[in-house]
$ cat entry34.txt   # compact mmCIF, C-alpha atoms and all ligand atoms
# COMPACT_ATOMS: atom_id res chain seq x y z
CA MET S 925 -90.54 4.22 -8.40
CA VAL S 926 -92.87 4.15 -11.42
CA LEU S 927 -96.28 2.51 -11.42
CA ILE S 928 -98.25 2.61 -14.65
CA GLN S 929 -101.59 0.87 -14.87
CA ASN S 930 -103.92 0.48 -17.82
CA ILE S 931 -102.81 3.46 -19.89
CA HIS S 932 -104.72 4.09 -23.09
CA LYS S 933 -104.01 6.72 -25.72
CA SER S 934 -105.81 7.55 -28.93
CA PHE S 935 -105.05 10.19 -31.52
CA GLY S 936 -108.44 10.69 -33.18
CA SER S 937 -109.57 7.24 -34.27
CA LEU S 938 -106.03 5.79 -34.01
CA GLU S 939 -105.65 3.81 -30.79
CA VAL S 940 -101.91 3.87 -30.05
CA LEU S 941 -101.82 2.53 -26.47
CA LYS S 942 -104.33 -0.18 -25.59
CA GLY S 943 -103.88 -0.75 -21.89
CA VAL S 944 -100.23 -0.55 -20.85
CA SER S 945 -99.10 -1.45 -17.33
CA ILE S 946 -95.51 -1.24 -16.05
CA HIS S 947 -93.95 -1.33 -12.60
CA ILE S 948 -90.37 -0.12 -12.24
CA LYS S 949 -88.28 -0.21 -9.07
CA LYS S 950 -85.73 2.34 -7.95
CA GLY S 951 -82.37 1.78 -9.60
CA GLU S 952 -83.75 -0.40 -12.38
CA ILE S 953 -82.72 0.09 -15.99
CA VAL S 954 -85.62 -0.93 -18.19
CA THR S 955 -85.56 -0.74 -21.97
CA ILE S 956 -88.56 -0.58 -24.28
CA VAL S 957 -88.08 -2.07 -27.72
CA GLY S 958 -90.45 -2.62 -30.62
CA GLU S 959 -91.17 -1.67 -34.20
CA SER S 960 -91.47 1.90 -35.34
CA GLY S 961 -95.02 3.12 -34.72
CA ALA S 962 -95.62 0.68 -31.84
CA GLY S 963 -96.29 3.55 -29.41
CA LYS S 964 -92.96 3.66 -27.53
CA SER S 965 -92.44 7.42 -27.73
CA THR S 966 -96.09 8.06 -26.89
CA LEU S 967 -95.76 5.94 -23.77
CA LEU S 968 -92.55 7.71 -22.72
CA GLN S 969 -94.20 11.12 -23.22
CA ILE S 970 -97.08 10.06 -20.99
CA ILE S 971 -94.80 8.69 -18.26
CA GLY S 972 -92.84 11.95 -18.50
CA THR S 973 -96.06 14.00 -18.10
CA LEU S 974 -95.48 15.71 -21.46
CA ASP S 975 -98.71 14.15 -22.70
CA LYS S 976 -101.80 12.76 -20.98
CA PRO S 977 -103.52 9.39 -21.29
CA SER S 978 -106.96 9.20 -22.93
CA ASN S 979 -109.99 8.67 -20.67
CA PRO S 980 -108.09 7.87 -17.45
CA GLU S 981 -111.33 7.76 -15.40
CA ARG S 982 -113.00 5.28 -17.70
CA TYR S 983 -110.00 2.95 -17.74
CA HIS S 984 -109.05 3.47 -14.08
CA SER S 985 -105.59 4.44 -15.32
CA ILE S 986 -102.85 5.05 -12.77
CA ILE S 987 -99.57 6.91 -13.20
CA GLU S 988 -97.55 7.15 -9.99
CA ILE S 989 -93.99 8.39 -9.75
CA ASP S 990 -92.38 7.87 -6.35
CA ASN S 991 -95.85 7.17 -4.90
CA LEU S 992 -97.31 10.44 -6.18
CA PRO S 993 -100.39 9.97 -8.40
CA ILE S 994 -99.67 12.47 -11.15
CA THR S 995 -102.92 12.02 -13.07
CA GLN S 996 -104.53 14.31 -10.48
CA LEU S 997 -102.08 17.20 -10.78
CA ARG S 998 -103.12 20.39 -12.52
CA ASP S 999 -101.04 21.73 -15.41
CA LYS S 1000 -99.02 24.21 -13.36
CA GLU S 1001 -98.22 21.65 -10.65
CA LEU S 1002 -97.44 19.14 -13.36
CA SER S 1003 -94.79 21.26 -15.05
CA LEU S 1004 -93.11 21.93 -11.69
CA PHE S 1005 -93.27 18.22 -10.87
CA ARG S 1006 -91.74 17.37 -14.26
CA ASN S 1007 -88.94 19.87 -13.82
CA GLN S 1008 -88.09 18.55 -10.35
CA ASN S 1009 -88.46 14.83 -10.89
CA ILE S 1010 -87.93 13.78 -14.49
CA GLY S 1011 -84.86 13.99 -16.69
CA PHE S 1012 -85.21 13.62 -20.45
CA ILE S 1013 -82.67 12.51 -23.03
CA PHE S 1014 -83.70 12.57 -26.69
CA GLN S 1015 -82.24 11.12 -29.88
CA PHE S 1016 -81.46 14.58 -31.21
CA HIS S 1017 -80.16 16.10 -27.98
CA GLN S 1018 -82.49 19.17 -28.20
CA LEU S 1019 -79.91 21.47 -26.67
CA LEU S 1020 -80.56 25.15 -27.35
CA PRO S 1021 -78.15 26.13 -30.14
CA GLU S 1022 -77.57 29.74 -29.02
CA PHE S 1023 -76.59 28.76 -25.46
CA THR S 1024 -73.27 27.31 -24.26
CA ALA S 1025 -72.96 23.79 -22.85
CA LEU S 1026 -72.82 25.26 -19.33
CA GLU S 1027 -75.93 27.40 -19.88
CA ASN S 1028 -77.83 24.47 -21.39
CA VAL S 1029 -77.11 22.38 -18.30
CA MET S 1030 -78.06 25.24 -15.95
CA LEU S 1031 -81.44 25.87 -17.60
CA PRO S 1032 -83.55 23.22 -15.79
CA GLY S 1033 -82.35 24.69 -12.47
CA MET S 1034 -83.16 28.26 -13.56
CA ILE S 1035 -86.77 27.19 -14.10
CA ALA S 1036 -86.79 25.96 -10.50
CA GLY S 1037 -85.60 29.41 -9.44
CA LYS S 1038 -82.37 28.49 -7.66
CA SER S 1039 -79.43 30.88 -7.23
CA LYS S 1040 -77.34 31.31 -10.34
CA SER S 1041 -73.96 30.79 -8.67
CA LYS S 1042 -75.09 27.53 -7.05
CA LEU S 1043 -76.49 26.36 -10.37
CA ALA S 1044 -73.27 27.20 -12.19
CA LYS S 1045 -71.26 25.22 -9.64
CA LYS S 1046 -73.53 22.22 -9.90
CA ALA S 1047 -73.57 22.36 -13.71
CA LYS S 1048 -69.76 22.59 -13.80
CA ASP S 1049 -69.47 19.64 -11.42
CA LEU S 1050 -71.77 17.56 -13.63
CA LEU S 1051 -69.95 18.52 -16.81
CA SER S 1052 -66.65 17.71 -15.15
CA TYR S 1053 -68.03 14.32 -14.06
CA LEU S 1054 -68.99 13.74 -17.69
CA LYS S 1055 -65.47 14.73 -18.83
CA LEU S 1056 -66.58 17.97 -20.47
CA SER S 1057 -64.72 20.56 -18.37
CA HIS S 1058 -62.94 21.75 -21.49
CA ARG S 1059 -66.24 22.34 -23.31
CA LEU S 1060 -68.14 24.61 -20.88
CA GLU S 1061 -68.24 27.64 -23.17
CA HIS S 1062 -68.81 25.73 -26.40
CA LYS S 1063 -72.16 25.92 -28.14
CA PRO S 1064 -73.86 22.66 -29.20
CA GLY S 1065 -72.86 23.19 -32.85
CA GLU S 1066 -69.19 23.21 -31.80
CA LEU S 1067 -69.42 19.83 -30.05
CA SER S 1068 -69.21 16.28 -31.42
CA GLY S 1069 -72.29 14.06 -31.37
CA GLY S 1070 -71.03 12.15 -28.33
CA GLU S 1071 -70.23 15.38 -26.49
CA GLN S 1072 -73.65 16.84 -27.30
CA GLN S 1073 -75.30 13.76 -25.88
CA ARG S 1074 -73.17 13.91 -22.69
CA VAL S 1075 -74.24 17.55 -22.25
CA SER S 1076 -77.85 16.41 -22.53
CA VAL S 1077 -77.15 13.74 -19.87
CA ALA S 1078 -75.77 16.49 -17.60
CA ARG S 1079 -78.88 18.58 -18.27
CA ALA S 1080 -81.10 15.60 -17.43
CA LEU S 1081 -79.23 15.12 -14.12
CA MET S 1082 -79.33 18.78 -13.09
CA ASN S 1083 -82.32 18.56 -10.73
CA ASN S 1084 -81.48 15.08 -9.34
CA PRO S 1085 -84.42 13.45 -11.14
CA LYS S 1086 -86.20 10.42 -9.70
CA ILE S 1087 -86.19 8.93 -13.14
CA ILE S 1088 -84.47 9.50 -16.47
CA LEU S 1089 -86.51 8.86 -19.61
CA ALA S 1090 -84.44 8.40 -22.75
CA ASP S 1091 -85.94 8.08 -26.25
CA GLU S 1092 -83.42 6.41 -28.57
CA PRO S 1093 -80.55 8.25 -26.87
CA SER S 1094 -77.87 6.53 -28.94
CA GLY S 1095 -79.88 6.45 -32.18
CA ASN S 1096 -77.81 9.21 -33.70
CA LEU S 1097 -74.36 8.07 -32.45
CA ASP S 1098 -71.72 5.81 -33.99
CA SER S 1099 -71.17 2.50 -32.26
CA THR S 1100 -68.22 3.64 -30.11
CA ASN S 1101 -70.05 6.73 -28.81
CA ALA S 1102 -73.21 4.69 -28.34
CA GLU S 1103 -71.34 2.13 -26.23
CA ASP S 1104 -69.76 4.94 -24.15
CA LEU S 1105 -73.20 6.44 -23.52
CA HIS S 1106 -74.62 3.08 -22.46
CA GLN S 1107 -71.67 2.56 -20.07
CA LEU S 1108 -72.40 5.99 -18.63
CA PHE S 1109 -76.00 5.00 -17.85
CA TYR S 1110 -74.73 1.94 -15.97
CA GLN S 1111 -72.16 4.05 -14.12
CA LEU S 1112 -74.95 6.45 -13.01
CA ARG S 1113 -77.01 3.53 -11.80
CA LYS S 1114 -74.07 2.09 -9.89
CA GLU S 1115 -73.02 5.37 -8.27
CA PHE S 1116 -76.39 7.06 -7.68
CA ASN S 1117 -78.90 4.22 -8.01
CA GLN S 1118 -80.37 6.21 -10.90
CA THR S 1119 -83.54 4.74 -12.45
CA PHE S 1120 -83.87 4.70 -16.26
CA ILE S 1121 -86.51 3.89 -18.85
CA ILE S 1122 -84.85 3.77 -22.24
CA VAL S 1123 -86.54 3.34 -25.62
CA THR S 1124 -83.92 1.85 -27.91
CA HIS S 1125 -83.27 -0.01 -31.13
CA ASN S 1126 -79.82 -0.95 -29.86
CA SER S 1127 -79.91 -4.69 -29.22
CA HIS S 1128 -76.79 -4.64 -27.04
CA LEU S 1129 -78.26 -2.02 -24.72
CA ALA S 1130 -81.55 -3.94 -24.57
CA SER S 1131 -79.70 -7.17 -23.76
CA MET S 1132 -77.78 -5.48 -20.89
CA ALA S 1133 -80.93 -4.06 -19.27
CA ASP S 1134 -82.50 -5.47 -16.11
CA ARG S 1135 -85.64 -5.93 -18.18
CA SER S 1136 -86.47 -5.30 -21.79
CA LEU S 1137 -90.15 -4.70 -22.56
CA LEU S 1138 -91.43 -5.41 -26.06
CA MET S 1139 -94.13 -3.05 -27.30
CA LYS S 1140 -96.42 -4.49 -29.92
CA ASP S 1141 -99.74 -3.17 -31.20
CA GLY S 1142 -100.09 -0.75 -28.30
CA THR S 1143 -99.45 -3.23 -25.50
CA ILE S 1144 -96.42 -4.70 -23.72
CA ALA S 1145 -96.11 -8.14 -25.27
CA ASN S 1146 -93.84 -9.70 -22.63
CA GLU S 1147 -95.10 -8.38 -19.28
P1 LIG A 1201 -92.77 4.67 -31.79
O1 LIG A 1201 -92.04 5.62 -30.89
O2 LIG A 1201 -92.91 3.30 -31.21
O3 LIG A 1201 -92.17 4.64 -33.16
P2 LIG A 1201 -94.92 6.57 -31.58
O4 LIG A 1201 -95.36 6.52 -30.17
O5 LIG A 1201 -94.08 7.72 -31.99
O6 LIG A 1201 -94.26 5.20 -31.98
O7 LIG A 1201 -96.21 6.60 -32.51
C1 LIG A 1201 -97.21 5.60 -32.47
C2 LIG A 1201 -98.31 5.96 -33.44
O8 LIG A 1201 -98.99 7.12 -33.00
C3 LIG A 1201 -97.81 6.26 -34.85
O9 LIG A 1201 -98.74 5.73 -35.76
C4 LIG A 1201 -97.82 7.77 -34.88
O10 LIG A 1201 -98.02 8.25 -36.19
C5 LIG A 1201 -98.97 8.12 -33.99
N1 LIG A 1201 -98.81 9.42 -33.30
C6 LIG A 1201 -97.83 9.73 -32.40
N2 LIG A 1201 -97.98 10.99 -31.94
C7 LIG A 1201 -99.07 11.48 -32.56
C8 LIG A 1201 -99.76 12.75 -32.52
N3 LIG A 1201 -99.34 13.74 -31.71
N4 LIG A 1201 -100.82 12.90 -33.29
C9 LIG A 1201 -101.28 11.91 -34.09
N5 LIG A 1201 -100.69 10.70 -34.19
C10 LIG A 1201 -99.60 10.49 -33.44
MG MG A 1202 -90.37 6.78 -31.19
$ encode --input "entry34.txt" --output "C-alpha cells"
Amino acid sequence: MVLIQNIHKSFGSLEVLKGVSIHIKKGEIVTIVGESGAGKSTLLQIIGTLDKPSNPERYHSIIEIDNLPITQLRDKELSLFRNQNIGFIFQFHQLLPEFTALENVMLPGMIAGKSKSKLAKKAKDLLSYLKLSHRLEHKPGELSGGEQQRVSVARALMNNPKIILADEPSGNLDSTNAEDLHQLFYQLRKEFNQTFIIVTHNSHLASMADRSLLMKDGTIANE
C-alpha cells in the first residue's frame, strides 16, 4: 500500500531525513516512535504529499501509494490525489472552529465536488458510527477533547482513504480517551482493513501495533 524508498529531506543546512525506506501493506497499523526532533512529522508530511523530499532524482527516491508513484504528479494532481486517498489526523484536531461537526466532516467531500445531500448522508453515517449523532450541530469549541478527535477521525474517513496518517493523535487526550481512540483505530482496521501510519509517544499504542518503527537521527533504526 505504501512504498517509500531512500527519502531525504533537508531544511537549509539541516538534514532531517537521511535515507528513509518503509514498506507498508494494506491493513497494517504501523507506528513511528522516536525522540522529539527525530524527523517523524517531516516524514509523515512527505508520505502525505503535504511536503516534498529533497533531491528525489539524485537519491532515486520512491514514494508509491497503492502502486501510484506520486513523486511524478504535478501540484494540482497531487492535491486531488491527497484529497481522494489520504486521511489525516493531527494532535490538535485542526477542525474549523466556525463550522459544525457535520460541516467539518463534509468538507473533504466538498473539495471533491460531490453532491451536498449525498455528502451530508455519508457524514451523518460516519458520525453515527463514531457515536456522535447527538453532536452534529455542535461546533468544535462545544465538544470535549475526545469528541473533537472522533470528529477528526470521521473527517479523515470521509473520502474512503487508502491510508490514514496520524501525528500524535492521542497526544492531547487523557488516558481513557486515548485508549478509546486507539481501540477505534483497531476497530477500523478490523471492519474495513484500514491502513494506518501513526506517529506516537504512547508506548501502549506502539506496543499494540503490527510494527513499531524507531526514528533516530533521520533514519529508521530498526528496519
Ligand atoms: P519530530 O516530529 O520527530 O519531533 P520534526 O519532523 O517535526 O520532528 O522535525 C525534525 C527537525 O526538522 C527539527 O529539528 C525541526 O526543527 C526541523 N524542521 C521541521 N520542519 C521544518 C521546517 N519547515 N523548516 C525548518 N526546519 C524544520
Ligand atoms: Mg512531530
$ residues_near_ligand --input "entry34.txt" --ligand "ligand LIG 1201 (chain A)" --cutoff "6 Å" --atoms "all atoms listed in the file" --output "list in words"
Phe935, Val940, Ser960, Gly961, Ala962, Gly963, Lys964, Ser965 and Thr966 of chain S
$ closest_residue --input "entry34.txt" --among "S:Ala1090, S:Leu1002, S:Leu1108, S:Leu938" --to "His1125 (chain S)" --atoms "all atoms listed in the file"
S:Ala1090
$ closest_residue --input "entry34.txt" --among "S:Thr1119, S:His1058, S:Phe1016, S:Leu1129" --to "ligand MG 1202 (chain A)" --atoms "all atoms listed in the file"
S:Phe1016
$ atom_distance --input "entry34.txt" --atom1 "CA of Leu1089 (chain S)" --atom2 "CA of Leu968 (chain S)"
6.9 Å
$ atom_distance --input "entry34.txt" --atom1 "CA of Ile971 (chain S)" --atom2 "CA of Leu1004 (chain S)"
14.9 Å
$ axis_aligned_box --input "entry34.txt" --around "region 980-999 of chain S" --padding-each-side "6 Å" --output "AutoDock Vina command-line options"
--center_x -102.7 --center_y 12.3 --center_z -11.3 --size_x 32.6 --size_y 30.8 --size_z 24.8
$ residues_around --input "entry34.txt" --residues "Arg1079 (chain S)" --least-positions-apart "3" --cutoff "10 Å" --atoms "all atoms listed in the file" --output "list in words"
Gly1011, Phe1012, Ile1013, Leu1019, Ala1025, Leu1026, Glu1027, Asn1028, Val1029, Met1030, Leu1031, Pro1032, Gly1033, Ala1047, Leu1050, Leu1051, Gln1073, Arg1074, Val1075, Ser1076, Met1082, Asn1083 and Asn1084 of chain S
$ closest_residue --input "entry34.txt" --among "S:Leu1097, S:Leu1056, S:Met1139, S:Leu927" --to "Ala1078 (chain S)" --atoms "all atoms listed in the file"
S:Leu1056
$ residues_near_point --input "entry34.txt" --point "(-101.8, 3.1, -22.1)" --cutoff "7 Å" --atoms "all atoms listed in the file" --output "list in words"
Asn930, Ile931, His932, Lys933, Leu941, Lys942, Gly943, Val944, Leu967 and Pro977 of chain S
$ residues_around --input "entry34.txt" --residues "Arg1113 (chain S)" --least-positions-apart "3" --cutoff "8 Å" --atoms "only C-alpha atoms" --output "list of chain:residue names"
S:Gly951, S:Glu952, S:Ile953, S:Phe1109, S:Tyr1110, S:Phe1116, S:Asn1117, S:Gln1118, S:Thr1119
